[in-house]
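Report on one structure; see the data block that follows.
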Amino acid sequence: MNPNKALWEKGDFTRIAESMRESGEALIDSLGVTPGQTVLDLGCGDGTTALPAARRGADVLGVDIARNLVEAGNRRAREHGLTNLRFQEGDACSLNALADDTFDLVVSIFGAMFAPKPFDVAKEMVRVTRPGGRIVMGNWIPNDPTLVAQILKISAAYSPPPPEGFVSPMTWGVEGHVLERFGAAGVPPERVTCVRDTYTFDYAKTPAELLAVFRECYGPTMNAFDAAEKSGRSADLQKELVALFESQNRSSKPGSTSIPATFLRVTVSA
Ligand SMILES: C[S@@+](CC[C@H](N)C(=O)[O-])C[C@H]1O[C@@H](n2cnc3c(N)ncnc32)[C@H](O)[C@@H]1O
């Protein structure tokens, strides 16, 4: 089994995605999605950005490597009565089911960054975007002090070293790598912009309870706990992560959680 696929099918990302819906809506609002536009949401999960894009009248395809998330997305599309939204399995490294120059907008929010071959990913995103279209990526930033970068950093310290040749997904959060990858796909640097933006995790329970959801459902955190259990360090990992979630919480409502996290927003004019 492809380890990238196994990682994301291991957990149930839908439970984390529920804490990200408001930011997904806001992001789609900021993109000015219009009726009739063709939109690809790549690494779409259960449709945190695909669904609001479809609600604004776009013709939306969600592609994700995880079968369970594709099923969850199609279920949500049915529940919302959206006939202009469908989800299918696919790998961002090789979108061979999709024709060249198909989409007005390709969105990938914390999705394609996790695919193992970043140069192929950039090439594929450019290939399926029509000339004059746009690609928008959201990528976590290495060593950023906010939530997700810190979860991944702490988790890495409890995990075995990655296999040789592994390219960290976090490199997508570094402007130089972004320019190099899109450059190799034929996009000159003046057609790429990188700005910092914020996604907020909102949860009606405590930060420790949100961490419990990550521990149960977020592939990278699940793997870190599996490794920490083997080395007898899972209590230390739990303690570090609880401290992180609590220190990042900005909610003024007792017992609830609101954690803003910084990401690199990449926009490419194809
Ligand atoms: C952190 S989740 C984000 C999901 C969604 N974009 C959202 O904002 O809720 C990462 C997603 O990327 C998907 N993914 C990881 N590697 C992929 C690949 N090679 N091709 C397509 N999807 C991939 C995972 O299955 C997962 O749904």
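Note on naming: chains are A, B, ... as they come in the structure tokens, residues start from 1 per chain, ligands start from 1 in the order shown.
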
- Give the residues close to ligand 1, within 7 Å, counting only C-alpha atoms and all ligand atoms; write them as a PyMOL selection string. chain A and resi 4-5+8-9+13+17+20+24+42-49+63-66+69+90-93+108-112+114-116

Would you mind listing, for every residue of stretch 103-173 of chain A within 6 Å of stretch 205-226 of chain A, the two atoms forming the shortest contact and the distance between them in Å to one decimal, using only C-alpha atoms, sorted by chain and ascending residue number, as CSV?
residue,atom,partner,partner_atom,distance
A:Ser155,CA,A:Ala224,CA,5.2
A:Tyr158,CA,A:Ala224,CA,5.9
A:Ser159,CA,A:Ala224,CA,5.4

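Counting only C-alpha atoms, the residue from A:Thr171, A:Ala185, A:Ile135, A:Leu85 that sits nearest to A:Phe119 is A:Ala185.
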
- Item | Residue contacts of stretch 96-102 of chain A (9 Å, only C-alpha atoms) excluding same-chain residues fewer than 2 positions away, as a ChimeraX atom specification | /A:38-40,90-91,94,104,124,126-131,133

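Each of A:Thr200, A:Val266, A:Phe166, A:Arg67 was compared to A:Ala6 using only C-alpha atoms, and A:Arg67 turns out to be the nearest.
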
Kindly provide the residues of stretch 14-132 of chain A that approach stretch 254-260 of chain A to within 12 Å, each paired with its closest atom pair and their distance in Å to one decimal, based on only C-alpha atoms, listed by chain and increasing number, as a tab-separated table.
residue	atom	partner	partner_atom	distance
A:Ser19	CA	A:Ser258	CA	8.9
A:Met20	CA	A:Ile259	CA	10.2
A:Glu22	CA	A:Ser258	CA	11.3
A:Ser23	CA	A:Pro260	CA	9.8

Given the selection you just returned, output its residues as a file containing C-alpha atoms, formatted as a tab-separated table (two decimals), in the first residue's frame.
chain	number	residue	atom	x	y	z
A	19	SER	CA	-13.08	22.58	13.31
A	20	MET	CA	-11.88	24.21	10.06
A	22	GLU	CA	-15.35	28.67	8.97
A	23	SER	CA	-11.87	29.32	7.62

- Message: If DSSP is run on the backbone, what residues of stretch 56-139 of chain A are helix (DSSP H, G or I)? A reply as a list of chain:residue names would be ideal.
- Response: A:Arg67, A:Asn68, A:Leu69, A:Val70, A:Glu71, A:Ala72, A:Gly73, A:Asn74, A:Arg75, A:Arg76, A:Ala77, A:Arg78, A:Glu79, A:Ala112, A:Met113, A:Phe114, A:Pro118, A:Phe119, A:Asp120, A:Val121, A:Ala122, A:Lys123, A:Glu124, A:Met125, A:Val126, A:Arg127, A:Val128

- DSSP on the backbone: what in stretch 15-197 of chain A comes out strand (DSSP E), as a PyMOL selection string? chain A and resi 38-42+59-64+85-89+103-109+129-140+192-197

- Task: Find the spatial neighbours of stretch 189-196 of chain A, counting only C-alpha atoms, within a cut-off of 12 Å - ignore same-chain residues fewer than 4 positions away - and output them as number ranges by chain.
- Result: A: 126, 132-141, 144, 172-185, 261-270

Those residues with N, CA, C and O atoms, as a compact mmCIF listing (two decimals), in the first residue's frame please?
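Listing of selection.txt after writing:
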# COMPACT_ATOMS: atom_id res chain seq x y z
N VAL A 126 -0.25 22.68 -12.73
CA VAL A 126 -0.15 23.61 -13.86
C VAL A 126 -0.80 23.00 -15.11
O VAL A 126 -1.56 23.65 -15.82
N GLY A 132 -4.55 31.27 -18.15
CA GLY A 132 -5.34 32.39 -17.60
C GLY A 132 -6.02 32.01 -16.29
O GLY A 132 -6.60 32.87 -15.63
N GLY A 133 -5.95 30.73 -15.90
CA GLY A 133 -6.56 30.30 -14.64
C GLY A 133 -5.62 30.54 -13.45
O GLY A 133 -4.56 31.16 -13.60
N ARG A 134 -6.05 30.04 -12.29
CA ARG A 134 -5.31 30.29 -11.05
C ARG A 134 -5.10 29.01 -10.26
O ARG A 134 -5.97 28.14 -10.27
N ILE A 135 -3.98 28.96 -9.56
CA ILE A 135 -3.75 27.88 -8.59
C ILE A 135 -3.57 28.55 -7.23
O ILE A 135 -2.82 29.54 -7.13
N VAL A 136 -4.27 28.06 -6.22
CA VAL A 136 -4.10 28.61 -4.87
C VAL A 136 -3.78 27.46 -3.92
O VAL A 136 -4.57 26.51 -3.81
N MET A 137 -2.64 27.56 -3.28
CA MET A 137 -2.25 26.53 -2.30
C MET A 137 -2.18 27.13 -0.90
O MET A 137 -1.74 28.28 -0.75
N GLY A 138 -2.56 26.36 0.09
CA GLY A 138 -2.31 26.71 1.48
C GLY A 138 -1.32 25.70 2.02
O GLY A 138 -1.56 24.49 1.94
N ASN A 139 -0.19 26.19 2.54
CA ASN A 139 0.87 25.29 3.00
C ASN A 139 1.34 25.69 4.39
O ASN A 139 1.59 26.88 4.65
N TRP A 140 1.46 24.72 5.28
CA TRP A 140 2.02 25.03 6.60
C TRP A 140 3.49 25.40 6.46
O TRP A 140 4.18 24.94 5.53
N ILE A 141 3.98 26.22 7.39
CA ILE A 141 5.32 26.81 7.28
C ILE A 141 6.27 26.16 8.30
O ILE A 141 5.94 26.13 9.49
N ASP A 144 7.29 27.53 12.00
CA ASP A 144 6.40 28.60 12.41
C ASP A 144 5.96 28.30 13.86
O ASP A 144 5.79 27.14 14.23
N TRP A 172 7.00 22.94 1.30
CA TRP A 172 6.03 23.73 0.51
C TRP A 172 5.72 25.07 1.18
O TRP A 172 5.09 25.95 0.58
N GLY A 173 6.13 25.21 2.44
CA GLY A 173 5.88 26.47 3.15
C GLY A 173 7.05 27.44 3.03
O GLY A 173 7.08 28.47 3.70
N VAL A 174 8.02 27.12 2.15
CA VAL A 174 9.19 27.98 1.97
C VAL A 174 9.14 28.55 0.55
O VAL A 174 9.12 27.80 -0.44
N GLU A 175 9.12 29.88 0.46
CA GLU A 175 8.91 30.53 -0.84
C GLU A 175 9.90 30.05 -1.91
O GLU A 175 9.52 29.81 -3.05
N GLY A 176 11.17 29.89 -1.52
CA GLY A 176 12.20 29.47 -2.50
C GLY A 176 11.85 28.14 -3.15
O GLY A 176 11.99 27.97 -4.36
N HIS A 177 11.36 27.19 -2.34
CA HIS A 177 10.98 25.88 -2.89
C HIS A 177 9.76 26.01 -3.80
O HIS A 177 9.66 25.35 -4.84
N VAL A 178 8.82 26.86 -3.38
CA VAL A 178 7.59 27.05 -4.18
C VAL A 178 7.96 27.58 -5.56
O VAL A 178 7.51 27.06 -6.59
N LEU A 179 8.83 28.60 -5.59
CA LEU A 179 9.23 29.21 -6.87
C LEU A 179 9.99 28.20 -7.73
O LEU A 179 9.78 28.11 -8.95
N GLU A 180 10.85 27.42 -7.09
CA GLU A 180 11.64 26.42 -7.83
C GLU A 180 10.72 25.37 -8.46
O GLU A 180 10.87 25.01 -9.64
N ARG A 181 9.72 24.91 -7.69
CA ARG A 181 8.84 23.84 -8.19
C ARG A 181 7.94 24.34 -9.31
O ARG A 181 7.77 23.67 -10.32
N PHE A 182 7.37 25.54 -9.13
CA PHE A 182 6.53 26.06 -10.22
C PHE A 182 7.40 26.51 -11.40
O PHE A 182 6.97 26.40 -12.55
N GLY A 183 8.61 26.96 -11.11
CA GLY A 183 9.54 27.32 -12.18
C GLY A 183 9.81 26.11 -13.07
O GLY A 183 9.77 26.19 -14.31
N ALA A 184 10.05 24.95 -12.43
CA ALA A 184 10.31 23.73 -13.20
C ALA A 184 9.08 23.31 -14.01
O ALA A 184 9.19 22.59 -14.99
N ALA A 185 7.89 23.77 -13.57
CA ALA A 185 6.66 23.46 -14.30
C ALA A 185 6.37 24.53 -15.35
O ALA A 185 5.29 24.52 -15.96
N ALA A 261 -3.82 29.55 13.18
CA ALA A 261 -2.55 28.97 12.71
C ALA A 261 -2.14 29.66 11.41
O ALA A 261 -2.96 29.87 10.52
N THR A 262 -0.86 30.01 11.34
CA THR A 262 -0.36 30.74 10.17
C THR A 262 0.03 29.77 9.07
O THR A 262 0.60 28.71 9.33
N PHE A 263 -0.30 30.15 7.83
CA PHE A 263 0.12 29.33 6.68
C PHE A 263 0.59 30.22 5.55
O PHE A 263 0.37 31.43 5.55
N LEU A 264 1.27 29.60 4.60
CA LEU A 264 1.72 30.33 3.41
C LEU A 264 0.67 30.15 2.31
O LEU A 264 0.35 29.01 1.93
N ARG A 265 0.14 31.29 1.87
CA ARG A 265 -0.88 31.22 0.80
C ARG A 265 -0.18 31.53 -0.52
O ARG A 265 0.37 32.62 -0.70
N VAL A 266 -0.18 30.56 -1.40
CA VAL A 266 0.54 30.66 -2.66
C VAL A 266 -0.50 30.85 -3.78
O VAL A 266 -1.45 30.09 -3.87
N THR A 267 -0.31 31.89 -4.58
CA THR A 267 -1.21 32.09 -5.73
C THR A 267 -0.39 32.09 -7.01
O THR A 267 0.60 32.83 -7.11
N VAL A 268 -0.80 31.28 -7.95
CA VAL A 268 -0.09 31.14 -9.22
C VAL A 268 -1.03 31.54 -10.35
O VAL A 268 -2.16 31.04 -10.41
N SER A 269 -0.60 32.45 -11.21
CA SER A 269 -1.39 32.76 -12.41
C SER A 269 -0.87 31.88 -13.52
O SER A 269 0.30 32.01 -13.92
N ALA A 270 -1.73 31.01 -14.00
CA ALA A 270 -1.28 30.04 -15.01
C ALA A 270 -1.28 30.66 -16.40
O ALA A 270 -1.90 31.69 -16.62

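Between atom CA of A:Ile154 and atom CA of A:Asp120 the separation is 28.3 Å.
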
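With distances taken over only C-alpha atoms, A:Arg250 is the one residue among A:Leu31, A:Gly62, A:Arg250, A:Pro162 lying closest to A:Asp202.
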
- Query: For the atom pair atom CA of A:Thr146 and atom CA of A:Phe201, what is the interatomic distance in Å to one decimal place?
  - Reply: 11.4 Å
